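A.B. asks: Okay, handing you the structure first.
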There are 2 protein chains.
Amino acid sequence: MSLDRLEKQIAFIKEIDKAKSIFRRNRLLDNSRYENDAEHSWHIAIMAAILVEHANEPNLDIGRVILMVLIHDLVEIGVGDTFIYDEAARATKVEQERESAERVFGMLPEGQRDHLRALWEEFEAKETSEARFAGALDRLQPLIHNASTEGHAWKKHGVTRRQVESVNSRIANGSESLWTFAKGLIAGAVKNGHLEE
Amino acid sequence: MSLDRLEKQIAFIKEIDKAKSIFRRNRLLDNSRYENDAEHSWHIAIMAAILVEHANEPNLDIGRVILMVLIHDLVEIGVGDTFIYDEAARATKVEQERESAERVFGMLPEGQRDHLRALWEEFEAKETSEARFAGALDRLQPLIHNASTEGHAWKKHGVTRRQVESVNSRIANGSESLWTFAKGLIAGAVKNGHLEE
């Protein structure tokens, strides 16, 4: 065992503990509090394993999807979460997140550093089947949470049906079936008065 | 797409949100609060990917390890976390956790139900390389957290060095290298007065 490699790995493992304190805009399903990045990533990793049969591409590498979603939000360490409906903030965060990726993944030893950094870039680019399915889950999970907590984040931030449909229509790029399901959730939220028409 | 299958999968995905409210005995590294099962499972899933080169068995199926650690604590839904140093509680929890596994994994459609249930049984039995490595990570992570938060859980529950060494020596079954590292953490904690000799 290389002690130097292990030391770097442990430093990285300690650093990513901070993702547990980065809070998102959506609530837990019991509405008790906001969800953090670590919990969100855990949830969509299990969703990936369970929902893979609904992916558009039947032969995607599910192991790569799972690792991708586990690490996709680590760039928010030191930068914070960006609300999916805040387009202006999203535009300015791109460069900050790239620097954060450089720093966080740069803590890892050779090989792993480039591997995880590339996996994050792949997630961001959405050009592979794996990234498109991972992206679909990353949108679907908060949609389920908002729909199940009376539209908490939508109401609080004045988000409309058109915005929800526009942002989440990209679910279809990873899974047409899950987008059909998501449209049902959105229609239900409008009907129940949890989302503005 | 089978609507019936998707409905069951979504019900399961919603059910496991409860793992985010099951709190463990160890603190986050910044000592701000206790850690929950979902965060812990996310953390050791990334640890699995990063630390696999230190596993005793070089050819283990890392994808299976990652899925195993992601779901290993779902049986605590409705049952709660059992402190690793509380031997009496651990003995009585076995049957409750088995019933919980039946219920939680039983929410999934055919195939997935048996697959995840078997993966949890495999984790519990520690008879495969994958389960032994997963078990090593499940012990190492709270050890790192306790050692980094002045021995919070050890002090609070009067845990001694002998108990910590006894419970965690099983790390060696998954990784001799990580057990060597863990012994260093334990010795350091004793030296710093965070763990009773």
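As shown in the structure tokens, the chain order sets the letters A, B, ...; within each chain, residues go from 1, and ligands are also counted from 1 in the order they appear.
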For Asp114 in chain A, work out the shell of residues within 12 Å, counting only C-alpha atoms and skipping chain neighbours fewer than 5 positions away, then give it as a PDB file with C-alpha atoms, in the first residue's frame.

C.D. replies:
```pdb
ATOM      1  CA  ALA A 101     -13.909  20.488  -9.422  1.00  0.00           C
ATOM      2  CA  GLU A 102     -10.229  21.230  -9.973  1.00  0.00           C
ATOM      3  CA  ARG A 103      -9.702  21.663  -6.240  1.00  0.00           C
ATOM      4  CA  VAL A 104     -11.891  18.855  -4.816  1.00  0.00           C
ATOM      5  CA  PHE A 105     -11.004  16.101  -7.290  1.00  0.00           C
ATOM      6  CA  GLY A 106      -7.432  17.424  -7.291  1.00  0.00           C
ATOM      7  CA  MET A 107      -7.095  16.163  -3.703  1.00  0.00           C
ATOM      8  CA  LEU A 108      -7.167  12.573  -4.992  1.00  0.00           C
ATOM      9  CA  PRO A 109      -4.072  10.629  -6.060  1.00  0.00           C
ATOM     10  CA  LEU A 119     -16.973  11.685 -14.790  1.00  0.00           C
ATOM     11  CA  TRP A 120     -18.213  15.044 -13.478  1.00  0.00           C
ATOM     12  CA  GLU A 121     -17.491  16.715 -16.849  1.00  0.00           C
ATOM     13  CA  GLU A 122     -19.404  13.899 -18.542  1.00  0.00           C
TER      14      GLU A 122
END
```

A.B. asks: Mind listing the helix (DSSP H, G or I) residues of range 39-174 of chain B, per DSSP on the backbone, as a VMD selection string?

C.D. replies: chain B and resid 39 to 54 62 to 71 74 to 76 87 to 105 112 to 125 129 to 148 152 to 156 161 to 168 171 to 174

A.B. asks: Which residues are close to His54 in chain A, i.e. within 7 Å by only C-alpha atoms, leaving aside same-chain residues fewer than 3 positions away? Reply as a ChimeraX atom specification.

C.D. replies: /A:51,175,177-178 /B:1

A.B. asks: Return as a short mmCIF file (atom, residue, chain, number, x, y, z; two decimals) with all heavy atoms, in the first residue's frame the residues belonging to chain A that are within 7 Å of chain B, counting only C-alpha atoms.

C.D. replies:
```cif
data_model
loop_
_atom_site.label_atom_id
_atom_site.label_comp_id
_atom_site.auth_asym_id
_atom_site.auth_seq_id
_atom_site.Cartn_x
_atom_site.Cartn_y
_atom_site.Cartn_z
N MET A 1 0.85 -1.20 0.00
CA MET A 1 0.00 0.00 0.00
C MET A 1 0.88 1.26 0.00
O MET A 1 1.85 1.35 0.75
CB MET A 1 -0.88 0.00 1.26
CG MET A 1 -1.59 1.33 1.49
SD MET A 1 -2.59 1.36 2.99
CE MET A 1 -1.35 1.14 4.28
N GLN A 9 -6.32 10.01 -0.24
CA GLN A 9 -7.70 9.48 -0.31
C GLN A 9 -8.48 9.83 0.96
O GLN A 9 -9.64 10.23 0.90
CB GLN A 9 -7.65 7.97 -0.53
CG GLN A 9 -7.20 7.61 -1.95
CD GLN A 9 -6.67 6.20 -2.09
OE1 GLN A 9 -6.27 5.56 -1.11
NE2 GLN A 9 -6.66 5.70 -3.32
N ILE A 13 -11.83 12.03 1.42
CA ILE A 13 -13.00 11.46 2.10
C ILE A 13 -13.48 12.39 3.23
O ILE A 13 -14.68 12.55 3.45
CB ILE A 13 -12.66 10.03 2.61
CG1 ILE A 13 -12.63 9.06 1.41
CG2 ILE A 13 -13.62 9.55 3.69
CD1 ILE A 13 -11.91 7.75 1.69
N ASP A 17 -17.22 15.34 3.40
CA ASP A 17 -18.21 15.38 4.48
C ASP A 17 -19.01 16.69 4.45
O ASP A 17 -20.15 16.74 4.91
CB ASP A 17 -17.49 15.23 5.83
CG ASP A 17 -18.40 14.64 6.91
OD1 ASP A 17 -18.84 13.50 6.75
OD2 ASP A 17 -18.68 15.35 7.90
N LYS A 20 -22.68 17.25 3.33
CA LYS A 20 -23.81 17.00 4.23
C LYS A 20 -24.37 18.30 4.82
O LYS A 20 -25.41 18.29 5.47
CB LYS A 20 -23.37 16.04 5.36
CG LYS A 20 -22.90 14.69 4.84
CD LYS A 20 -22.21 13.84 5.91
CE LYS A 20 -21.56 12.61 5.28
NZ LYS A 20 -20.71 11.86 6.24
N LEU A 29 -39.51 14.38 2.32
CA LEU A 29 -40.91 14.04 2.03
C LEU A 29 -41.83 14.27 3.22
O LEU A 29 -43.02 14.53 3.05
CB LEU A 29 -41.03 12.59 1.55
CG LEU A 29 -40.48 12.31 0.14
CD1 LEU A 29 -40.70 10.85 -0.23
CD2 LEU A 29 -41.14 13.22 -0.90
N ALA A 38 -25.67 15.42 0.13
CA ALA A 38 -25.25 14.02 0.34
C ALA A 38 -26.47 13.10 0.28
O ALA A 38 -26.44 12.05 -0.39
CB ALA A 38 -24.52 13.87 1.67
N GLU A 39 -27.54 13.50 0.96
CA GLU A 39 -28.77 12.70 0.98
C GLU A 39 -29.38 12.59 -0.41
O GLU A 39 -29.86 11.53 -0.84
CB GLU A 39 -29.81 13.34 1.89
CG GLU A 39 -29.40 13.46 3.33
CD GLU A 39 -30.28 14.43 4.12
OE1 GLU A 39 -30.75 15.45 3.55
OE2 GLU A 39 -30.48 14.17 5.32
N TRP A 42 -27.33 10.23 -2.53
CA TRP A 42 -27.61 8.84 -2.12
C TRP A 42 -28.95 8.39 -2.71
O TRP A 42 -29.05 7.28 -3.26
CB TRP A 42 -27.67 8.76 -0.59
CG TRP A 42 -28.26 7.49 -0.05
CD1 TRP A 42 -27.64 6.29 0.09
CD2 TRP A 42 -29.62 7.30 0.41
NE1 TRP A 42 -28.51 5.37 0.60
CE2 TRP A 42 -29.72 5.96 0.80
CE3 TRP A 42 -30.72 8.13 0.52
CZ2 TRP A 42 -30.91 5.42 1.33
CZ3 TRP A 42 -31.91 7.61 1.03
CH2 TRP A 42 -31.99 6.27 1.42
N ILE A 46 -29.65 5.23 -5.62
CA ILE A 46 -30.54 4.07 -5.49
C ILE A 46 -31.61 4.12 -6.58
O ILE A 46 -31.95 3.10 -7.19
CB ILE A 46 -31.17 3.99 -4.09
CG1 ILE A 46 -30.07 3.74 -3.04
CG2 ILE A 46 -32.23 2.88 -4.03
CD1 ILE A 46 -30.55 3.58 -1.62
N MET A 47 -32.12 5.31 -6.88
CA MET A 47 -33.10 5.45 -7.97
C MET A 47 -32.51 4.94 -9.29
O MET A 47 -33.20 4.30 -10.08
CB MET A 47 -33.53 6.91 -8.12
CG MET A 47 -34.48 7.38 -7.03
SD MET A 47 -34.80 9.19 -7.07
CE MET A 47 -35.72 9.36 -8.60
N ILE A 50 -32.73 1.21 -9.38
CA ILE A 50 -34.11 0.71 -9.41
C ILE A 50 -34.80 1.04 -10.74
O ILE A 50 -35.61 0.26 -11.24
CB ILE A 50 -34.92 1.36 -8.25
CG1 ILE A 50 -34.34 0.99 -6.88
CG2 ILE A 50 -36.40 1.02 -8.33
CD1 ILE A 50 -34.46 -0.45 -6.53
N HIS A 54 -36.20 1.79 -17.16
CA HIS A 54 -36.98 2.83 -17.85
C HIS A 54 -36.10 3.77 -18.69
O HIS A 54 -36.61 4.71 -19.30
CB HIS A 54 -37.79 3.65 -16.85
CG HIS A 54 -38.65 2.81 -15.95
ND1 HIS A 54 -39.72 2.10 -16.41
CD2 HIS A 54 -38.55 2.53 -14.62
CE1 HIS A 54 -40.28 1.43 -15.39
NE2 HIS A 54 -39.57 1.68 -14.29
N GLY A 63 -23.20 1.07 -13.48
CA GLY A 63 -22.16 1.37 -12.49
C GLY A 63 -21.62 2.77 -12.68
O GLY A 63 -21.39 3.49 -11.70
N LEU A 70 -23.33 9.87 -7.51
CA LEU A 70 -22.77 9.98 -6.15
C LEU A 70 -21.86 11.20 -6.03
O LEU A 70 -21.81 11.84 -4.98
CB LEU A 70 -21.99 8.70 -5.78
CG LEU A 70 -22.84 7.47 -5.45
CD1 LEU A 70 -21.95 6.24 -5.33
CD2 LEU A 70 -23.64 7.68 -4.16
N SER A 177 -40.19 7.39 -20.51
CA SER A 177 -41.19 6.86 -19.57
C SER A 177 -41.24 7.69 -18.30
O SER A 177 -42.32 7.99 -17.78
CB SER A 177 -40.83 5.43 -19.16
OG SER A 177 -40.58 4.65 -20.28
#
```

A.B. asks: Please report the interatomic distance between CA of Trp179 in chain B and CA of Leu140 in chain B in Å with one decimal.

C.D. replies: 8.3 Å

A.B. asks: I'd like the contact shell of Ala48 in chain B - 9 Å cut-off, only C-alpha atoms, skipping same-chain residues fewer than 6 positions apart - returned as a ChimeraX atom specification.

C.D. replies: /B:62,65-66,69,133-134,137

A.B. asks: I'd like to know which residues of range 3-178 of chain B are strand (DSSP E or B) (by DSSP, run on the backbone); could you write them as an MDAnalysis selection string?

C.D. replies: chainID B and resid 23:27 34:36 160

A.B. asks: Save the residues we just selected, N, CA, C and O atoms, as a JSON list (two decimals), in the first residue's frame?

C.D. replies:
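Wrote it out as again_15.json, contents follow:
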```json
[["chain", "number", "residue", "atom", "x", "y", "z"],
["B", 23, "PHE", "N", -31.02, 8.85, 12.81],
["B", 23, "PHE", "CA", -29.74, 9.40, 13.24],
["B", 23, "PHE", "C", -28.86, 8.37, 13.91],
["B", 23, "PHE", "O", -29.35, 7.48, 14.61],
["B", 24, "ARG", "N", -27.57, 8.50, 13.67],
["B", 24, "ARG", "CA", -26.56, 7.59, 14.17],
["B", 24, "ARG", "C", -25.88, 8.20, 15.39],
["B", 24, "ARG", "O", -26.23, 9.28, 15.82],
["B", 25, "ARG", "N", -24.89, 7.48, 15.94],
["B", 25, "ARG", "CA", -24.24, 7.97, 17.15],
["B", 25, "ARG", "C", -23.09, 8.93, 16.88],
["B", 25, "ARG", "O", -22.63, 9.63, 17.77],
["B", 26, "ASN", "N", -22.58, 8.92, 15.64],
["B", 26, "ASN", "CA", -21.43, 9.79, 15.37],
["B", 26, "ASN", "C", -21.85, 11.14, 14.79],
["B", 26, "ASN", "O", -22.93, 11.28, 14.21],
["B", 27, "ARG", "N", -20.98, 12.11, 14.98],
["B", 27, "ARG", "CA", -21.21, 13.48, 14.52],
["B", 27, "ARG", "C", -20.66, 13.66, 13.11],
["B", 27, "ARG", "O", -19.84, 12.87, 12.66],
["B", 34, "TYR", "N", -25.52, 15.24, 14.56],
["B", 34, "TYR", "CA", -25.37, 13.81, 14.30],
["B", 34, "TYR", "C", -25.60, 13.53, 12.82],
["B", 34, "TYR", "O", -26.28, 14.29, 12.12],
["B", 35, "GLU", "N", -25.02, 12.43, 12.38],
["B", 35, "GLU", "CA", -25.14, 12.02, 10.98],
["B", 35, "GLU", "C", -26.34, 11.08, 10.83],
["B", 35, "GLU", "O", -26.67, 10.34, 11.75],
["B", 36, "ASN", "N", -26.96, 11.12, 9.64],
["B", 36, "ASN", "CA", -28.07, 10.17, 9.43],
["B", 36, "ASN", "C", -27.65, 9.04, 8.48],
["B", 36, "ASN", "O", -26.59, 9.09, 7.85],
["B", 160, "THR", "N", -14.51, 1.85, 25.53],
["B", 160, "THR", "CA", -13.06, 1.79, 25.80],
["B", 160, "THR", "C", -12.27, 1.35, 24.56],
["B", 160, "THR", "O", -12.83, 0.84, 23.59]]
```

A.B. asks: Counting only C-alpha atoms, figure out which residue out of A:Asn173, A:Thr149, A:Thr82, A:Ser166 gets nearest to Ser129 in chain A.

C.D. replies: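 Of the candidates, the smallest distance to Ser129 in chain A is held by A:Asn173.
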
A.B. asks: Could you tell me how far CA of Gly78 in chain A lies from CA of Val52 in chain B, in Å and to one decimal?

C.D. replies: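 These atoms are spaced 27.2 Å apart.
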
A.B. asks: Would you please work out which residue, of B:Asp73, B:Arg162, B:Ser169, B:Ala182, is nearest to Leu143 in chain B when using only C-alpha atoms?

C.D. replies: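 Among the listed residues, the smallest separation from Leu143 in chain B belongs to B:Ala182.
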
A.B. asks: Would you mind reading off the distance between CA of Ala147 in chain A and CA of Ala55 in chain A, one decimal, in Å?

C.D. replies: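 Result for CA of Ala147 in chain A versus CA of Ala55 in chain A: 22.0 Å, one decimal.
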
A.B. asks: Give me, as a ChimeraX atom specification, all polymer residues having an atom no more than 6 Å from His194 in chain A, counting only C-alpha atoms and skipping those fewer than 3 positions away in the same chain.

C.D. replies: /A:150-151,189-190

A.B. asks: I'd like the neighbourhood of Arg139 in chain A as a VMD selection string, where a residue qualifies if any of its atoms comes within 9 Å (using only C-alpha atoms), though same-chain residues fewer than 6 positions away should be ignored.

C.D. replies: chain A and resid 84 167 to 168 170 to 171

A.B. asks: For the selection you just gave me, I'd like the residues written to a file as a short mmCIF file (atom, residue, chain, number, x, y, z; two decimals), in the first residue's frame, keeping N, CA, C and O atoms.

C.D. replies:
```
data_model
loop_
_atom_site.label_atom_id
_atom_site.label_comp_id
_atom_site.auth_asym_id
_atom_site.auth_seq_id
_atom_site.Cartn_x
_atom_site.Cartn_y
_atom_site.Cartn_z
N ILE A 84 -32.25 25.26 -9.45
CA ILE A 84 -32.39 24.89 -10.86
C ILE A 84 -33.20 25.92 -11.64
O ILE A 84 -33.02 26.08 -12.85
N VAL A 167 -37.72 23.18 -17.50
CA VAL A 167 -36.52 22.65 -16.85
C VAL A 167 -36.54 21.12 -16.82
O VAL A 167 -35.51 20.47 -17.04
N ASN A 168 -37.71 20.53 -16.58
CA ASN A 168 -37.76 19.09 -16.39
C ASN A 168 -38.00 18.29 -17.66
O ASN A 168 -37.86 17.06 -17.65
N ARG A 170 -36.15 17.92 -19.90
CA ARG A 170 -34.90 17.22 -20.21
C ARG A 170 -34.84 15.81 -19.60
O ARG A 170 -33.97 15.03 -19.96
N ILE A 171 -35.78 15.52 -18.70
CA ILE A 171 -35.89 14.15 -18.20
C ILE A 171 -36.08 13.19 -19.38
O ILE A 171 -35.54 12.08 -19.39
#
```
